[in-house]
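Trainee: Below is the file entry.cif, with mmCIF, C-alpha atoms.
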data_work
#
loop_
_atom_site.label_atom_id
_atom_site.label_comp_id
_atom_site.auth_asym_id
_atom_site.auth_seq_id
_atom_site.Cartn_x
_atom_site.Cartn_y
_atom_site.Cartn_z
CA MET O 22 -10.85 45.82 93.12
CA LEU O 23 -7.56 43.98 93.62
CA MET O 24 -8.18 40.26 93.77
CA LYS O 25 -5.81 37.86 95.49
CA ALA O 26 -4.57 34.86 93.52
CA ARG O 27 -2.45 31.94 94.65
CA LEU O 28 0.55 32.14 92.34
CA GLY O 29 3.30 30.53 94.42
CA SER O 30 5.18 27.41 93.41
CA LEU O 31 2.90 25.27 95.61
CA PHE O 32 0.02 26.08 93.27
CA GLN O 33 1.85 25.49 89.98
CA THR O 34 1.65 22.21 88.07
CA ASN O 35 4.69 20.68 86.37
CA ALA O 36 3.99 20.15 82.68
CA HIS O 37 5.96 16.89 82.63
CA SER O 38 4.87 13.70 84.34
CA TRP O 39 6.95 12.06 87.08
CA PRO O 40 8.03 9.17 84.77
CA ARG O 41 9.25 11.67 82.17
CA ARG O 42 11.17 13.68 84.78
CA LEU O 43 12.73 10.50 86.17
CA TYR O 44 13.73 9.47 82.65
CA PHE O 45 15.52 12.77 82.01
CA GLY O 46 17.19 12.53 85.41
CA TRP O 47 18.43 9.06 84.54
CA LEU O 48 19.74 10.30 81.18
CA ARG O 49 21.60 13.14 82.85
CA ARG O 50 23.31 10.85 85.36
CA TRP O 51 24.01 7.75 83.30
CA ARG O 52 23.94 8.43 79.56
CA GLY O 53 24.35 12.04 78.53
CA VAL O 54 27.03 14.70 78.64
CA PHE O 55 24.56 17.56 78.25
CA ALA O 56 21.02 17.87 79.56
CA LYS O 57 18.31 20.39 78.84
CA ARG O 58 18.24 22.85 81.73
CA GLN O 59 14.62 23.82 81.45
CA SER O 60 11.38 23.30 83.33
CA VAL O 61 7.79 24.05 82.39
CA HIS O 62 4.90 24.69 84.76
CA PHE O 63 1.25 25.62 84.36
CA VAL O 64 -0.02 28.59 86.36
CA SER O 65 -3.68 29.50 86.91
CA VAL O 66 -4.75 33.11 87.52
CA HIS O 67 -8.45 33.29 88.42
CA GLY O 68 -9.24 30.38 86.15
CA THR O 69 -7.07 31.48 83.21
CA ARG O 70 -4.19 29.16 82.40
CA TYR O 71 -0.63 30.29 81.64
CA LYS O 72 2.62 28.50 80.96
CA ARG O 73 5.79 29.35 82.89
CA VAL O 74 9.05 28.33 81.19
CA VAL O 75 12.30 28.41 83.18
CA PHE O 76 15.49 28.38 81.09
CA GLY O 77 19.02 27.60 82.16
CA ASP O 78 20.10 31.24 81.94
CA SER O 79 18.70 34.70 81.28
CA ALA O 80 20.50 35.03 77.93
CA GLN O 81 18.41 32.22 76.43
CA ALA O 82 15.22 33.71 77.83
CA ALA O 83 16.14 37.08 76.31
CA GLU O 84 16.81 35.46 72.92
CA VAL O 85 13.42 33.75 72.96
CA GLU O 86 11.77 36.99 74.04
CA SER O 87 13.38 38.84 71.13
CA ALA O 88 12.31 36.15 68.66
CA LEU O 89 8.73 36.17 69.94
CA ASP O 90 8.61 39.97 69.74
CA ALA O 91 9.39 39.67 66.02
CA PHE O 92 6.11 37.77 65.57
CA ALA O 93 4.02 39.48 68.24
CA GLY O 94 0.36 39.65 67.26
CA SER O 95 0.73 37.09 64.46
CA GLY O 96 -1.09 34.34 66.33
CA ARG O 97 1.68 31.92 65.40
CA PHE O 98 2.99 31.58 68.97
CA PRO O 99 1.55 31.90 72.48
CA PRO O 100 1.46 35.53 73.62
CA LEU O 101 4.41 36.54 75.80
CA VAL O 102 3.01 38.01 79.01
CA HIS O 103 6.25 38.73 80.85
CA ARG O 104 9.95 37.90 81.10
CA HIS O 105 11.71 37.83 84.45
CA GLU O 106 15.44 37.05 84.30
CA ASN O 107 15.58 33.47 82.96
CA GLU O 108 11.82 32.88 82.99
CA LEU O 109 8.95 33.52 80.60
CA LEU O 110 5.23 33.63 81.32
CA LEU O 111 3.20 32.74 78.24
CA GLY O 112 -0.45 32.51 77.41
CA PHE O 113 -1.83 28.98 77.18
CA VAL O 114 -3.14 28.07 73.72
CA GLU O 115 -6.03 25.64 73.52
CA GLY O 116 -6.28 23.41 70.47
CA ARG O 117 -6.16 19.91 69.12
CA ALA O 118 -2.97 18.02 68.37
CA PHE O 119 -1.23 18.53 65.03
CA ASP O 120 -1.65 15.50 62.74
CA PRO O 121 1.43 14.98 60.53
CA GLY O 122 -0.54 12.72 58.20
CA ASP O 123 -3.34 15.20 57.61
CA THR O 124 -3.09 17.12 54.33
CA ALA O 125 -4.76 20.23 55.76
CA ASP O 126 -2.43 20.28 58.76
CA ARG O 127 0.60 19.99 56.50
CA ALA O 128 -0.71 22.94 54.51
CA ARG O 129 -1.03 24.91 57.76
CA LEU O 130 2.57 24.01 58.61
CA ALA O 131 3.67 25.27 55.18
CA GLU O 132 1.87 28.59 55.79
CA PHE O 133 3.47 28.82 59.24
CA LEU O 134 6.98 28.27 57.86
CA ALA O 135 6.35 30.72 55.00
CA ALA O 136 5.53 33.43 57.55
CA LEU O 137 8.77 32.70 59.40
CA TRP O 138 10.99 32.47 56.33
CA GLN O 139 9.64 35.75 54.91
CA HIS O 140 10.75 37.64 57.99
CA SER O 141 14.27 39.13 57.86
CA ALA O 142 15.70 36.55 55.46
CA VAL O 143 19.28 37.33 54.43
CA GLU O 144 21.31 35.83 51.58
CA GLN O 145 25.07 35.56 52.14
CA PRO O 146 28.02 33.78 50.52
CA CYS O 147 28.18 30.27 51.92
CA THR O 148 31.94 30.57 52.44
CA ALA O 149 31.40 33.57 54.74
CA LEU O 150 29.35 31.45 57.17
CA PRO O 151 30.64 28.92 59.74
CA PHE O 152 28.68 25.86 58.62
CA ASP O 153 31.46 24.10 56.67
CA ALA O 154 33.80 24.37 59.65
CA ARG O 155 31.12 23.14 62.04
CA LEU O 156 30.40 20.18 59.79
CA ALA O 157 34.07 19.17 59.79
CA VAL O 158 34.20 19.28 63.60
CA ASP O 159 30.93 17.36 63.92
CA LEU O 160 32.04 14.61 61.53
CA ASP O 161 35.38 14.21 63.31
CA PHE O 162 33.60 13.92 66.65
CA LEU O 163 31.13 11.32 65.37
CA VAL O 164 34.02 9.23 64.07
CA GLN O 165 35.83 9.49 67.42
CA ALA O 166 32.58 8.54 69.18
CA ARG O 167 32.20 5.54 66.85
CA VAL O 168 28.84 6.73 65.63
CA LEU O 169 30.21 6.96 62.07
CA ASP O 170 33.05 5.10 60.42
CA ARG O 171 35.70 7.16 58.67
CA ALA O 172 34.61 6.12 55.16
CA ARG O 173 31.02 7.26 55.72
CA ALA O 174 32.16 10.52 57.31
CA GLU O 175 34.36 11.25 54.30
CA ALA O 176 31.48 10.42 51.96
CA LEU O 177 29.26 12.89 53.83
CA ALA O 178 31.97 15.58 53.64
CA ASP O 179 32.33 14.99 49.90
CA ARG O 180 28.57 15.14 49.45
CA ALA O 181 28.39 18.42 51.38
CA ALA O 182 31.08 19.94 49.16
CA ALA O 183 29.20 18.78 46.05
CA VAL O 184 25.81 20.25 47.05
CA ALA O 185 26.99 23.40 48.88
CA PRO O 186 25.29 26.45 47.34
CA ALA O 187 27.19 29.58 46.40
CA THR O 188 24.92 31.56 48.74
CA LEU O 189 22.86 30.56 51.74
CA VAL O 190 19.59 32.17 52.86
CA THR O 191 19.33 32.46 56.64
CA GLY O 192 16.63 33.86 58.92
CA PHE O 193 13.93 32.69 61.30
CA ASP O 194 13.13 28.99 61.33
CA TYR O 195 11.37 26.61 63.69
CA VAL O 196 14.09 24.11 64.45
CA ASP O 197 12.18 21.35 66.27
CA PRO O 198 8.93 20.78 64.37
CA VAL O 199 7.85 17.56 66.08
CA ALA O 200 4.11 17.02 66.19
CA LYS O 201 3.77 17.63 69.95
CA ASN O 202 5.17 21.15 69.56
CA PHE O 203 2.13 22.32 67.57
CA VAL O 204 -1.59 22.70 68.17
CA ILE O 205 -4.36 23.58 65.75
CA ALA O 206 -6.25 26.45 67.34
CA GLY O 207 -9.56 27.99 66.35
CA GLU O 208 -11.40 24.84 65.33
CA ALA O 209 -14.93 24.56 66.66
CA PRO O 210 -17.85 22.19 66.15
CA GLY O 211 -19.65 24.95 64.28
CA GLY O 212 -16.82 25.23 61.76
CA GLU O 213 -14.34 28.02 62.43
CA GLN O 214 -13.34 29.56 59.10
CA SER O 215 -9.62 29.82 59.68
CA PRO O 216 -8.12 27.32 62.12
CA ARG O 217 -4.42 28.02 62.47
CA LEU O 218 -1.27 26.19 63.50
CA VAL O 219 0.35 27.55 66.66
CA ALA O 220 3.85 26.57 67.79
CA ILE O 221 3.76 26.10 71.57
CA ASP O 222 7.41 25.15 72.14
CA VAL O 223 8.67 28.72 71.89
CA GLU O 224 12.41 28.04 72.34
CA SER O 225 12.42 26.28 68.95
CA LEU O 226 11.90 29.64 67.20
CA ARG O 227 15.44 30.66 66.24
CA ALA O 228 16.94 33.53 64.28
CA ASP O 229 19.93 33.32 61.92
CA GLN O 230 19.22 29.73 60.87
CA PRO O 231 19.82 28.29 57.40
CA LEU O 232 16.27 28.17 56.03
CA GLY O 233 15.16 24.56 55.77
CA THR O 234 16.66 23.52 59.11
CA GLY O 235 13.21 22.79 60.51
CA LEU O 236 12.19 20.63 57.56
CA ALA O 237 15.50 18.78 57.79
CA GLN O 238 14.83 17.96 61.45
CA ALA O 239 11.24 16.96 60.66
CA SER O 240 12.65 14.38 58.23
CA LEU O 241 14.47 12.79 61.17
CA ARG O 242 11.23 12.32 63.14
CA TRP O 243 8.01 12.19 61.12
CA LEU O 244 8.46 13.61 57.61
CA SER O 245 9.69 11.05 55.09
CA PRO O 246 12.91 12.15 53.33
CA GLY O 247 11.13 12.02 49.98
CA ASP O 248 8.57 14.57 51.18
CA VAL O 249 11.07 17.24 52.24
CA ASP O 250 11.24 18.74 48.75
CA VAL O 251 7.45 18.62 48.51
CA MET O 252 7.04 20.50 51.79
CA ALA O 253 9.66 23.08 50.76
CA SER O 254 7.69 23.65 47.55
CA GLN O 255 4.48 24.09 49.57
CA VAL O 256 6.21 26.71 51.71
CA ALA O 257 7.30 28.57 48.57
CA GLU O 258 3.74 28.39 47.18
CA SER O 259 2.53 29.87 50.47
CA GLY O 260 4.78 32.90 49.98
CA GLY O 261 8.07 31.75 51.46
CA PRO O 262 11.41 31.99 49.61
CA ASP O 263 12.49 29.20 47.29
CA ILE O 264 15.22 27.29 49.15
CA ASP O 265 15.63 24.45 46.66
CA PRO O 266 19.27 25.39 45.81
CA GLN O 267 20.34 24.97 49.45
CA LEU O 268 18.01 22.25 50.70
CA ASP O 269 20.33 19.26 50.21
CA TYR O 270 23.17 21.08 51.94
CA VAL O 271 21.00 22.20 54.85
CA ARG O 272 19.62 18.70 55.29
CA LEU O 273 23.13 17.28 55.49
CA ILE O 274 24.63 19.75 57.97
CA THR O 275 21.46 19.61 60.09
CA THR O 276 21.38 15.80 60.20
CA VAL O 277 25.02 15.57 61.26
CA ALA O 278 24.62 18.26 63.95
CA TRP O 279 21.38 16.68 65.21
CA THR O 280 23.06 13.26 65.45
CA LYS O 281 25.93 14.72 67.47
CA ARG O 282 23.47 16.43 69.80
CA LYS O 283 21.43 13.26 70.37
CA PHE O 284 24.59 11.30 71.15
CA LEU O 285 25.70 13.89 73.70
CA GLN O 286 22.23 13.92 75.27
CA GLY O 287 22.36 10.14 75.66
CA LYS O 288 19.41 9.67 73.29
CA THR O 289 21.21 7.18 71.08
CA HIS O 290 17.98 5.35 70.20
CA PHE O 291 17.20 8.23 67.81
CA ILE O 292 20.39 7.66 65.78
CA ARG O 293 19.82 5.55 62.68
CA ALA O 294 22.02 4.65 59.72
CA GLU O 295 19.16 5.31 57.30
CA HIS O 296 19.34 9.02 58.12
CA PHE O 297 22.75 9.12 56.46
CA ASP O 298 21.75 6.70 53.72
CA ALA O 299 19.02 9.15 52.69
CA LEU O 300 21.61 11.90 52.33
CA LEU O 301 24.13 9.85 50.39
CA GLY O 302 21.57 8.08 48.23
#
Go ahead and express the file in the form of structure tokens.
Mentor:
Amino acid sequence: MLMKARLGSLFQTNAHSWPRRLYFGWLRRWRGVFAKRQSVHFVSVHGTRYKRVVFGDSAQAAEVESALDAFAGSGRFPPLVHRHENELLLGFVEGRAFDPGDTADRARLAEFLAALWQHSAVEQPCTALPFDARLAVDLDFLVQARVLDRARAEALADRAAAVAPATLVTGFDYVDPVAKNFVIAGEAPGGEQSPRLVAIDVESLRADQPLGTGLAQASLRWLSPGDVDVMASQVAESGGPDIDPQLDYVRLITTVAWTKRKFLQGKTHFIRAEHFDALLG
């Protein structure tokens, strides 16, 4: 029997609070050049919860759909129910918050990254890829924007040249591994045998990334720089490729690109000199 359900926009709940939406509106009008053109709503269908993600264009939605299809059935991401133009409807994953300080949760993150890095990894000559050219543009811009002085920018360029690997392994990576983008699903009071980490911010799953990009970005938020090598080793022990030869280079190009992006978004409070000190030290 066909059951009617109220699915219209009047019955959907915005995932972000009013203060958070006002903050992003303020950033867009007063501080940033670029803003994230995305909204997230929760939809209920006969008591079952779903998440509706609206992207800025259909190309981005299609890219995310393709990336999710590569890991369909893995349990690493919410199930993709449907894509319509620039929108995705995803299953809602229940679970507790990821704890960056918990040893078991870090091990689950290592297993998660190993599964991603194993999939379609490609090794190519570093000189055949655009990352050196992008780094040069990013450093010039940060000097012009007075985020970096010329001497520090030149030191970062010299450091990049010194640590650049002959080849670079690229593939799937999770590029924004902040704690709020993960949940630990499957835990129960009775003691579920295999609780797993699920990434709920699906647009952070990206193909054709230098492996280690996610760990590099984690070191800018919650992972101490000294633990990046440790986490990369844990990923390798969990079955992922060994990225030690490229890790310093990936950390540098990622940190510079991330700093440029935060400046353009108006989120200058994230930019810190110690991020660059960690690379040069």
Trainee: Using all atoms listed in the file, which protein or nucleic acid residues come within 12 Å of Ser141 of chain O? Drop anything in the same chain fewer than 4 positions from it, and give the result as number ranges by chain.
Mentor: O: 88, 91-92, 135-137, 190-194, 227-230, 232, 261-262
Trainee: Tell me which of O:Pro246, O:Ser254, O:Gly302, O:Gly287 sits closest to Phe55 of chain O, counting all atoms listed in the file.
Mentor: O:Gly287
Trainee: For the point (14.4, 40.6, 82.4) in the file's frame, write as a list of chain:residue names all residues with an atom no more than 9 Å away, counting only C-alpha atoms.
Mentor: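 Looking at atoms near the point gives O:Ser79, O:Ala82, O:Ala83, O:His103, O:Arg104, O:His105, O:Glu106, O:Asn107, O:Glu108.
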Trainee: Nearest residue to Gln255 of chain O out of O:Ser60, O:Ser215, O:Thr124, O:Gln81, using only C-alpha atoms?
Mentor: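 Ranked by minimum distance to Gln255 of chain O, first place goes to O:Thr124.
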Trainee: Between O:Glu295, O:Ala26, O:Ala172, O:Glu86, which has the minimum distance to His67 of chain O (counting all atoms listed in the file)?
Mentor: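 Of the candidates, the smallest distance to His67 of chain O is held by O:Ala26.
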Trainee: What does the structure give for the distance between atom CA of His296 of chain O and atom CA of Asp123 of chain O, in Å to one decimal?
Mentor: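 Pair atom CA of His296 of chain O / atom CA of Asp123 of chain O returns 23.5 Å.
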Trainee: Env of Ser240 of chain O: 12 Å cut, atoms = all atoms listed in the file, seq-sep filter 6 positions within chain, self excluded. Answer as a PDB file with C-alpha atoms, keeping the file's coordinate frame.
Mentor:
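Saved file around-v2.pdb follows:
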ATOM      1  CA  PRO O 121       1.430  14.980  60.530  1.00  0.00           C
ATOM      2  CA  VAL O 196      14.090  24.110  64.450  1.00  0.00           C
ATOM      3  CA  ASP O 197      12.180  21.350  66.270  1.00  0.00           C
ATOM      4  CA  PRO O 198       8.930  20.780  64.370  1.00  0.00           C
ATOM      5  CA  VAL O 199       7.850  17.560  66.080  1.00  0.00           C
ATOM      6  CA  ALA O 200       4.110  17.020  66.190  1.00  0.00           C
ATOM      7  CA  GLY O 233      15.160  24.560  55.770  1.00  0.00           C
ATOM      8  CA  THR O 234      16.660  23.520  59.110  1.00  0.00           C
ATOM      9  CA  PRO O 246      12.910  12.150  53.330  1.00  0.00           C
ATOM     10  CA  GLY O 247      11.130  12.020  49.980  1.00  0.00           C
ATOM     11  CA  ASP O 248       8.570  14.570  51.180  1.00  0.00           C
ATOM     12  CA  VAL O 249      11.070  17.240  52.240  1.00  0.00           C
ATOM     13  CA  ASP O 250      11.240  18.740  48.750  1.00  0.00           C
ATOM     14  CA  VAL O 251       7.450  18.620  48.510  1.00  0.00           C
ATOM     15  CA  MET O 252       7.040  20.500  51.790  1.00  0.00           C
ATOM     16  CA  ALA O 253       9.660  23.080  50.760  1.00  0.00           C
ATOM     17  CA  VAL O 271      21.000  22.200  54.850  1.00  0.00           C
ATOM     18  CA  ARG O 272      19.620  18.700  55.290  1.00  0.00           C
ATOM     19  CA  LEU O 273      23.130  17.280  55.490  1.00  0.00           C
ATOM     20  CA  THR O 275      21.460  19.610  60.090  1.00  0.00           C
ATOM     21  CA  THR O 276      21.380  15.800  60.200  1.00  0.00           C
ATOM     22  CA  TRP O 279      21.380  16.680  65.210  1.00  0.00           C
ATOM     23  CA  GLU O 295      19.160   5.310  57.300  1.00  0.00           C
ATOM     24  CA  HIS O 296      19.340   9.020  58.120  1.00  0.00           C
ATOM     25  CA  PHE O 297      22.750   9.120  56.460  1.00  0.00           C
ATOM     26  CA  ALA O 299      19.020   9.150  52.690  1.00  0.00           C
ATOM     27  CA  LEU O 300      21.610  11.900  52.330  1.00  0.00           C
TER      28      LEU O 300
END
Trainee: For Pro99 of chain O, which of O:Val219, O:Val74, O:Ala118, O:Val158 is the closest residue, counting all atoms listed in the file?
Mentor: O:Val219
Trainee: Between atom CA of Leu28 of chain O and atom CA of Arg73 of chain O, what is the distance in Å, rounded to a tenth?
Mentor: 11.2 Å
Trainee: What is the atom CA of Arg171 of chain O-atom CA of Asp153 of chain O distance in Å, reported with one decimal?
Mentor: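 Atom CA of Asp153 of chain O lies 17.6 Å from atom CA of Arg171 of chain O.
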Trainee: Let me make sure I understand: among O:Leu169, O:Ile274, O:Leu156, O:Ala185, which one has the smallest atom-to-atom distance to Ile292 of chain O if we use all atoms listed in the file?
Mentor: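 Distance minimum relative to Ile292 of chain O lands on O:Leu169.
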